[in-house]
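Below: query_14.txt (compact mmCIF, N, CA and C atoms)
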```
# COMPACT_ATOMS: atom_id res chain seq x y z
N MET F 1 -24.48 48.71 231.49
CA MET F 1 -23.32 49.57 231.35
C MET F 1 -23.34 50.68 232.40
N ARG F 2 -24.52 51.30 232.54
CA ARG F 2 -24.63 52.41 233.49
C ARG F 2 -24.44 51.94 234.93
N ALA F 3 -24.90 50.74 235.24
CA ALA F 3 -24.70 50.21 236.59
C ALA F 3 -23.22 50.01 236.87
N ILE F 4 -22.51 49.47 235.91
CA ILE F 4 -21.06 49.26 236.11
C ILE F 4 -20.35 50.61 236.19
N LEU F 5 -20.77 51.57 235.39
CA LEU F 5 -20.17 52.90 235.47
C LEU F 5 -20.38 53.49 236.87
N GLU F 6 -21.57 53.35 237.41
CA GLU F 6 -21.85 53.88 238.75
C GLU F 6 -21.02 53.16 239.81
N LEU F 7 -20.90 51.84 239.68
CA LEU F 7 -20.07 51.08 240.61
C LEU F 7 -18.60 51.47 240.48
N ALA F 8 -18.18 51.81 239.27
CA ALA F 8 -16.80 52.26 239.06
C ALA F 8 -16.54 53.57 239.80
N LYS F 9 -17.54 54.45 239.82
CA LYS F 9 -17.39 55.72 240.56
C LYS F 9 -17.23 55.46 242.05
N PHE F 10 -17.85 54.41 242.53
CA PHE F 10 -17.90 54.09 243.95
C PHE F 10 -16.78 53.14 244.36
N LYS F 11 -15.96 52.68 243.42
CA LYS F 11 -14.91 51.69 243.68
C LYS F 11 -14.02 52.14 244.83
N GLY F 12 -13.80 51.23 245.78
CA GLY F 12 -12.94 51.51 246.92
C GLY F 12 -13.66 52.16 248.10
N LYS F 13 -14.96 52.42 247.94
CA LYS F 13 -15.73 53.06 249.00
C LYS F 13 -16.70 52.09 249.66
N GLY F 14 -16.59 50.81 249.36
CA GLY F 14 -17.49 49.82 249.92
C GLY F 14 -18.63 49.52 248.98
N PRO F 15 -19.53 48.60 249.42
CA PRO F 15 -20.68 48.24 248.58
C PRO F 15 -21.65 49.40 248.40
N MET F 16 -22.33 49.38 247.26
CA MET F 16 -23.29 50.43 246.94
C MET F 16 -24.69 49.81 246.87
N LYS F 17 -25.63 50.43 247.52
CA LYS F 17 -27.01 49.95 247.54
C LYS F 17 -27.61 50.01 246.13
N ILE F 18 -28.42 49.01 245.82
CA ILE F 18 -29.04 48.96 244.50
C ILE F 18 -29.93 50.17 244.27
N SER F 19 -30.57 50.66 245.30
CA SER F 19 -31.44 51.83 245.16
C SER F 19 -30.62 53.08 244.80
N GLU F 20 -29.40 53.16 245.31
CA GLU F 20 -28.52 54.30 244.99
C GLU F 20 -28.08 54.24 243.53
N ILE F 21 -27.75 53.04 243.07
CA ILE F 21 -27.34 52.88 241.67
C ILE F 21 -28.50 53.25 240.76
N ALA F 22 -29.69 52.72 241.08
CA ALA F 22 -30.88 52.98 240.27
C ALA F 22 -31.18 54.48 240.20
N ALA F 23 -31.12 55.15 241.34
CA ALA F 23 -31.42 56.59 241.37
C ALA F 23 -30.37 57.39 240.60
N ALA F 24 -29.10 57.07 240.80
CA ALA F 24 -28.02 57.84 240.16
C ALA F 24 -28.03 57.70 238.64
N GLN F 25 -28.43 56.54 238.16
CA GLN F 25 -28.36 56.29 236.72
C GLN F 25 -29.73 56.20 236.04
N ALA F 26 -30.79 56.54 236.77
CA ALA F 26 -32.16 56.52 236.23
C ALA F 26 -32.51 55.17 235.60
N ILE F 27 -32.23 54.11 236.36
CA ILE F 27 -32.52 52.75 235.92
C ILE F 27 -33.68 52.23 236.77
N PRO F 28 -34.72 51.68 236.15
CA PRO F 28 -35.80 51.09 236.95
C PRO F 28 -35.25 50.00 237.88
N LEU F 29 -35.66 50.05 239.13
CA LEU F 29 -35.12 49.16 240.16
C LEU F 29 -35.27 47.69 239.80
N ARG F 30 -36.43 47.27 239.35
CA ARG F 30 -36.66 45.85 239.02
C ARG F 30 -35.74 45.40 237.87
N PHE F 31 -35.58 46.24 236.88
CA PHE F 31 -34.69 45.93 235.76
C PHE F 31 -33.25 45.81 236.26
N LEU F 32 -32.85 46.74 237.11
CA LEU F 32 -31.49 46.73 237.65
C LEU F 32 -31.23 45.47 238.47
N GLU F 33 -32.21 45.03 239.24
CA GLU F 33 -32.05 43.81 240.03
C GLU F 33 -31.73 42.62 239.12
N VAL F 34 -32.43 42.52 238.00
CA VAL F 34 -32.20 41.43 237.06
C VAL F 34 -30.80 41.53 236.45
N ILE F 35 -30.45 42.72 235.99
CA ILE F 35 -29.14 42.92 235.35
C ILE F 35 -28.00 42.64 236.33
N LEU F 36 -28.09 43.17 237.54
CA LEU F 36 -27.03 42.93 238.52
C LEU F 36 -26.96 41.45 238.90
N GLY F 37 -28.10 40.78 238.91
CA GLY F 37 -28.09 39.34 239.15
C GLY F 37 -27.31 38.60 238.07
N GLN F 38 -27.49 39.01 236.83
CA GLN F 38 -26.73 38.42 235.72
C GLN F 38 -25.25 38.76 235.84
N LEU F 39 -24.97 40.00 236.17
CA LEU F 39 -23.57 40.46 236.23
C LEU F 39 -22.80 39.82 237.38
N LYS F 40 -23.50 39.34 238.41
CA LYS F 40 -22.81 38.68 239.52
C LYS F 40 -22.04 37.46 239.04
N GLY F 41 -22.50 36.82 237.99
CA GLY F 41 -21.80 35.66 237.45
C GLY F 41 -20.73 36.00 236.45
N SER F 42 -20.46 37.27 236.27
CA SER F 42 -19.55 37.72 235.21
C SER F 42 -18.10 37.85 235.63
N GLY F 43 -17.86 37.96 236.92
CA GLY F 43 -16.50 38.27 237.39
C GLY F 43 -16.25 39.76 237.46
N PHE F 44 -17.25 40.57 237.11
CA PHE F 44 -17.12 42.03 237.19
C PHE F 44 -17.71 42.56 238.49
N VAL F 45 -18.81 41.95 238.94
CA VAL F 45 -19.62 42.49 240.04
C VAL F 45 -19.88 41.39 241.06
N ASP F 46 -19.93 41.79 242.32
CA ASP F 46 -20.37 40.89 243.38
C ASP F 46 -21.20 41.69 244.37
N SER F 47 -21.76 41.01 245.34
CA SER F 47 -22.57 41.71 246.32
C SER F 47 -22.27 41.19 247.72
N LYS F 48 -22.65 42.00 248.67
CA LYS F 48 -22.52 41.66 250.09
C LYS F 48 -23.88 41.88 250.71
N ARG F 49 -24.34 40.93 251.51
CA ARG F 49 -25.64 41.03 252.15
C ARG F 49 -25.55 41.83 253.45
N GLY F 50 -26.70 42.27 253.91
CA GLY F 50 -26.78 42.90 255.21
C GLY F 50 -26.91 44.41 255.13
N TYR F 51 -26.97 45.02 256.31
CA TYR F 51 -27.16 46.46 256.43
C TYR F 51 -26.07 47.24 255.70
N GLN F 52 -24.84 46.81 255.82
CA GLN F 52 -23.72 47.48 255.15
C GLN F 52 -23.45 46.89 253.76
N GLY F 53 -24.40 46.11 253.27
CA GLY F 53 -24.21 45.41 252.01
C GLY F 53 -24.52 46.26 250.79
N GLY F 54 -24.43 45.60 249.66
CA GLY F 54 -24.68 46.24 248.39
C GLY F 54 -23.83 45.58 247.32
N TYR F 55 -23.70 46.25 246.20
CA TYR F 55 -22.93 45.75 245.06
C TYR F 55 -21.61 46.48 244.94
N PHE F 56 -20.62 45.79 244.40
CA PHE F 56 -19.30 46.38 244.20
C PHE F 56 -18.60 45.70 243.03
N LEU F 57 -17.64 46.41 242.45
CA LEU F 57 -16.83 45.85 241.36
C LEU F 57 -15.76 44.94 241.93
N LEU F 58 -15.52 43.84 241.24
CA LEU F 58 -14.45 42.92 241.64
C LEU F 58 -13.11 43.32 241.04
N ARG F 59 -13.16 44.05 239.94
CA ARG F 59 -11.93 44.48 239.27
C ARG F 59 -11.91 46.00 239.20
N SER F 60 -10.75 46.51 238.99
CA SER F 60 -10.57 47.95 238.83
C SER F 60 -11.23 48.42 237.54
N PRO F 61 -11.78 49.64 237.52
CA PRO F 61 -12.42 50.16 236.30
C PRO F 61 -11.49 50.17 235.08
N ASP F 62 -10.19 50.24 235.30
CA ASP F 62 -9.27 50.23 234.16
C ASP F 62 -9.01 48.81 233.64
N GLN F 63 -9.60 47.82 234.30
CA GLN F 63 -9.44 46.43 233.87
C GLN F 63 -10.73 45.85 233.31
N ILE F 64 -11.74 46.68 233.13
CA ILE F 64 -13.01 46.23 232.55
C ILE F 64 -13.29 47.10 231.33
N THR F 65 -13.45 46.45 230.18
CA THR F 65 -13.77 47.21 228.97
C THR F 65 -15.26 47.10 228.66
N VAL F 66 -15.72 48.03 227.87
CA VAL F 66 -17.10 48.00 227.39
C VAL F 66 -17.32 46.71 226.60
N GLY F 67 -16.34 46.31 225.81
CA GLY F 67 -16.43 45.06 225.04
C GLY F 67 -16.60 43.84 225.94
N ASP F 68 -15.86 43.80 227.06
CA ASP F 68 -15.99 42.69 228.01
C ASP F 68 -17.44 42.54 228.47
N VAL F 69 -18.02 43.65 228.88
CA VAL F 69 -19.38 43.63 229.42
C VAL F 69 -20.39 43.29 228.34
N LEU F 70 -20.26 43.88 227.16
CA LEU F 70 -21.18 43.57 226.07
C LEU F 70 -21.14 42.09 225.70
N ARG F 71 -19.95 41.54 225.61
CA ARG F 71 -19.83 40.12 225.27
C ARG F 71 -20.49 39.25 226.34
N PHE F 72 -20.30 39.62 227.59
CA PHE F 72 -20.93 38.84 228.66
C PHE F 72 -22.46 38.92 228.55
N LEU F 73 -22.97 40.12 228.40
CA LEU F 73 -24.42 40.30 228.38
C LEU F 73 -25.07 39.75 227.11
N GLU F 74 -24.38 39.86 225.99
CA GLU F 74 -24.97 39.46 224.71
C GLU F 74 -24.55 38.06 224.28
N GLY F 75 -23.53 37.51 224.90
CA GLY F 75 -23.04 36.20 224.50
C GLY F 75 -22.03 36.31 223.37
N GLU F 76 -21.39 35.20 223.05
CA GLU F 76 -20.33 35.19 222.04
C GLU F 76 -20.83 34.75 220.67
N GLU F 77 -22.14 34.81 220.44
CA GLU F 77 -22.68 34.38 219.16
C GLU F 77 -22.14 35.23 218.02
N ASP F 78 -22.44 34.81 216.79
CA ASP F 78 -22.05 35.58 215.61
C ASP F 78 -22.66 36.97 215.71
N PRO F 79 -21.82 38.00 215.82
CA PRO F 79 -22.35 39.34 216.05
C PRO F 79 -22.81 40.08 214.80
N THR F 80 -22.83 39.42 213.64
CA THR F 80 -23.20 40.09 212.39
C THR F 80 -24.54 40.81 212.52
N HIS F 81 -25.52 40.16 213.16
CA HIS F 81 -26.86 40.73 213.23
C HIS F 81 -26.92 41.98 214.10
N LYS F 82 -25.93 42.23 214.92
CA LYS F 82 -25.98 43.38 215.82
C LYS F 82 -25.89 44.70 215.05
N VAL F 83 -25.28 44.67 213.90
CA VAL F 83 -25.14 45.89 213.13
C VAL F 83 -25.98 45.84 211.86
N SER F 84 -26.22 44.65 211.35
CA SER F 84 -26.98 44.53 210.11
C SER F 84 -28.46 44.77 210.36
N CYS F 85 -29.23 44.70 209.29
CA CYS F 85 -30.64 45.06 209.37
C CYS F 85 -31.51 44.02 210.06
N MET F 86 -31.08 42.79 210.16
CA MET F 86 -31.88 41.77 210.82
C MET F 86 -31.01 40.65 211.37
N SER F 87 -31.61 39.84 212.20
CA SER F 87 -30.88 38.70 212.74
C SER F 87 -30.89 37.56 211.72
N LYS F 88 -29.98 36.63 211.89
CA LYS F 88 -29.85 35.53 210.95
C LYS F 88 -31.15 34.73 210.83
N LYS F 89 -31.83 34.52 211.97
CA LYS F 89 -33.05 33.72 211.90
C LYS F 89 -34.20 34.46 211.24
N GLU F 90 -34.14 35.78 211.13
CA GLU F 90 -35.19 36.55 210.48
C GLU F 90 -34.84 36.92 209.04
N CYS F 91 -33.60 36.74 208.66
CA CYS F 91 -33.14 37.16 207.33
C CYS F 91 -33.58 36.16 206.27
N PRO F 92 -34.24 36.63 205.21
CA PRO F 92 -34.67 35.71 204.15
C PRO F 92 -33.48 35.10 203.40
N PHE F 93 -32.32 35.72 203.52
CA PHE F 93 -31.12 35.21 202.86
C PHE F 93 -30.20 34.48 203.83
N GLU F 94 -30.66 34.32 205.09
CA GLU F 94 -29.89 33.68 206.16
C GLU F 94 -28.51 34.30 206.31
N CYS F 95 -28.47 35.62 206.18
CA CYS F 95 -27.23 36.39 206.31
C CYS F 95 -26.14 35.91 205.37
N ASP F 96 -26.55 35.47 204.20
CA ASP F 96 -25.60 35.03 203.18
C ASP F 96 -25.85 35.87 201.94
N CYS F 97 -25.43 37.14 202.02
CA CYS F 97 -25.66 38.04 200.89
C CYS F 97 -24.46 38.98 200.75
N ALA F 98 -24.53 39.86 199.80
CA ALA F 98 -23.43 40.77 199.49
C ALA F 98 -23.11 41.73 200.64
N PHE F 99 -24.06 41.96 201.54
CA PHE F 99 -23.84 42.91 202.62
C PHE F 99 -23.07 42.33 203.81
N VAL F 100 -23.05 41.02 203.97
CA VAL F 100 -22.46 40.39 205.15
C VAL F 100 -21.00 40.79 205.37
N PRO F 101 -20.12 40.76 204.35
CA PRO F 101 -18.73 41.16 204.62
C PRO F 101 -18.63 42.59 205.16
N MET F 102 -19.45 43.48 204.62
CA MET F 102 -19.44 44.86 205.11
C MET F 102 -19.90 44.91 206.57
N TRP F 103 -21.02 44.20 206.90
CA TRP F 103 -21.52 44.20 208.27
C TRP F 103 -20.47 43.66 209.23
N ARG F 104 -19.75 42.63 208.81
CA ARG F 104 -18.69 42.07 209.68
C ARG F 104 -17.58 43.09 209.92
N LYS F 105 -17.20 43.83 208.89
CA LYS F 105 -16.17 44.87 209.06
C LYS F 105 -16.66 45.97 210.00
N VAL F 106 -17.90 46.38 209.82
CA VAL F 106 -18.47 47.42 210.68
C VAL F 106 -18.49 46.94 212.12
N ASN F 107 -18.95 45.72 212.33
CA ASN F 107 -19.01 45.16 213.68
C ASN F 107 -17.61 45.06 214.30
N ALA F 108 -16.64 44.61 213.52
CA ALA F 108 -15.27 44.49 214.03
C ALA F 108 -14.73 45.87 214.42
N ALA F 109 -15.03 46.90 213.62
CA ALA F 109 -14.58 48.26 213.93
C ALA F 109 -15.23 48.77 215.21
N ILE F 110 -16.51 48.49 215.37
CA ILE F 110 -17.21 48.92 216.58
C ILE F 110 -16.63 48.22 217.80
N PHE F 111 -16.45 46.89 217.71
CA PHE F 111 -15.93 46.17 218.86
C PHE F 111 -14.48 46.53 219.17
N LYS F 112 -13.74 46.97 218.17
CA LYS F 112 -12.38 47.45 218.44
C LYS F 112 -12.44 48.66 219.38
N ILE F 113 -13.37 49.55 219.13
CA ILE F 113 -13.54 50.72 220.00
C ILE F 113 -14.03 50.28 221.37
N TYR F 114 -15.02 49.38 221.42
CA TYR F 114 -15.52 48.88 222.70
C TYR F 114 -14.40 48.23 223.51
N ASP F 115 -13.55 47.45 222.83
CA ASP F 115 -12.47 46.74 223.52
C ASP F 115 -11.35 47.67 223.98
N GLU F 116 -11.24 48.82 223.36
CA GLU F 116 -10.21 49.79 223.75
C GLU F 116 -10.72 50.77 224.81
N THR F 117 -12.01 50.72 225.13
CA THR F 117 -12.61 51.68 226.06
C THR F 117 -12.86 51.01 227.40
N THR F 118 -12.15 51.46 228.42
CA THR F 118 -12.36 50.92 229.77
C THR F 118 -13.36 51.81 230.52
N PHE F 119 -13.83 51.30 231.63
CA PHE F 119 -14.72 52.11 232.45
C PHE F 119 -13.96 53.25 233.11
N ALA F 120 -12.66 53.11 233.28
CA ALA F 120 -11.84 54.23 233.76
C ALA F 120 -11.83 55.34 232.71
N ASP F 121 -11.79 54.98 231.43
CA ASP F 121 -11.86 55.98 230.35
C ASP F 121 -13.19 56.72 230.40
N LEU F 122 -14.28 55.97 230.59
CA LEU F 122 -15.60 56.60 230.66
C LEU F 122 -15.71 57.53 231.85
N LEU F 123 -15.14 57.12 232.99
CA LEU F 123 -15.15 57.98 234.18
C LEU F 123 -14.35 59.26 233.94
N ALA F 124 -13.21 59.12 233.30
CA ALA F 124 -12.38 60.30 233.01
C ALA F 124 -13.13 61.26 232.11
N TYR F 125 -13.81 60.72 231.10
CA TYR F 125 -14.59 61.58 230.20
C TYR F 125 -15.72 62.26 230.96
N GLU F 126 -16.41 61.50 231.80
CA GLU F 126 -17.51 62.08 232.58
C GLU F 126 -16.99 63.18 233.52
N ASN F 127 -15.84 62.97 234.11
CA ASN F 127 -15.24 63.99 234.98
C ASN F 127 -14.89 65.26 234.20
N ARG F 128 -14.34 65.09 232.99
CA ARG F 128 -14.05 66.25 232.15
C ARG F 128 -15.33 66.97 231.78
N LEU F 129 -16.36 66.21 231.45
CA LEU F 129 -17.65 66.78 231.10
C LEU F 129 -18.22 67.57 232.28
N GLY F 130 -18.13 66.99 233.47
CA GLY F 130 -18.62 67.67 234.68
C GLY F 130 -17.94 68.99 234.91
N GLY F 131 -16.65 69.06 234.63
CA GLY F 131 -15.92 70.32 234.77
C GLY F 131 -16.36 71.35 233.77
N LEU F 132 -16.80 70.90 232.60
CA LEU F 132 -17.27 71.83 231.56
C LEU F 132 -18.67 72.35 231.89
N LEU F 133 -19.45 71.55 232.61
CA LEU F 133 -20.83 71.92 232.89
C LEU F 133 -20.97 72.82 234.12
N THR F 134 -19.94 72.87 234.95
CA THR F 134 -20.05 73.68 236.17
C THR F 134 -19.49 75.05 236.00
```
Rewrite the structure of this file - the entire thing - as structure tokens.
Amino acid sequence: MRAILELAKFKGKGPMKISEIAAAQAIPLRFLEVILGQLKGSGFVDSKRGYQGGYFLLRSPDQITVGDVLRFLEGEEDPTHKVSCMSKKECPFECDCAFVPMWRKVNAAIFKIYDETTFADLLAYENRLGGLLT
């Protein structure tokens, strides 16, 4: 998420070096390399090789939601376990108990917010925050 946020800040200014993204967002470089490698197949991020190379967003920050990125990174599996106390394979009840309908509602409410939040929204909030801190 933080890598995409940083790339959103840099949108339209050319590719951004992985070391710059890592430093700006306090992400370990090796971890970021793996994540950006995964994101290259997402349709959100691409890269350019060479001295002037780096990573860049393929879409505008207002066209990428937090929900889009989470679904790509986490997959489209049953998301019940993301909010409940355990995953289906670890649950002694195999996620077939009285709590499941509630967990599904909670998850749906969370993803509604994720799906309504674009990276442009996050940038706008960060910009407002920056104005308050200076």
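For the set F:Gly54, F:Pro61, F:Pro28, F:Gly75, the residue with the smallest atom-to-atom gap to Ser42 (chain F) is F:Gly75, counting only C-alpha atoms.
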Figure out the distance between atom C of Thr118 (chain F) and atom N of Arg104 (chain F), please, to one decimal in Å.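 Value for the atom N of Arg104 (chain F)-atom C of Thr118 (chain F) distance: 24.4 Å.
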From (-22.7, 47.5, 222.2), in the file's coordinates, out to 8 Å: which residues are reached, counting all atoms listed in the file? Answer as a list of chain:residue names.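 Residues with an atom close enough to that point: F:Val66, F:Gly67, F:Val69, F:Leu70, F:Arg71, F:Ile110, F:Phe111, F:Tyr114.
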Which residues, protein or nucleic acid, reach to within 12 Å of (-22.5, 41.9, 244.5) in the file's coordinates when using only C-alpha atoms, and can you give that as number ranges by chain? F: 3-4, 7, 14-18, 33, 35-50, 53-58
Measure the distance from CA of Gly12 (chain F) to atom N of Ile27 (chain F) in Å and round it to one decimal.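 Distance between the two atoms: 22.1 Å.
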Report, in Å with one decimal, the straight-line distance from atom C of Asp68 (chain F) to CA of Asp96 (chain F).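 Separation between atom C of Asp68 (chain F) and CA of Asp96 (chain F): 27.6 Å.
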Taking all listed atoms of region 61-66 of chain F, build the axis-aligned box, pad each of the six sides by 6 Å, then write its centre and edge lengths in Å to one decimal as lines of an AutoDock Vina configuration file.
```
center_x = -13.2
center_y = 48.0
center_z = 232.1
size_x = 20.3
size_y = 16.4
size_z = 22.9
```
Please return as an MDAnalysis selection string: the residues of chain F that backbone DSSP assigns to strand (DSSP E). chainID F and resid 45:48 54:57
Pick from F:Asn107, F:Ser19, F:Thr65, F:Gln52: nearest to Ala120 (chain F), with only C-alpha atoms counted? F:Thr65
Secondary structure check, helix (DSSP H, G or I) residues of chain F, as a PyMOL selection string: chain F and resi 2-10+18-25+29-39+61-63+66-74+80-83+100-116+119-133
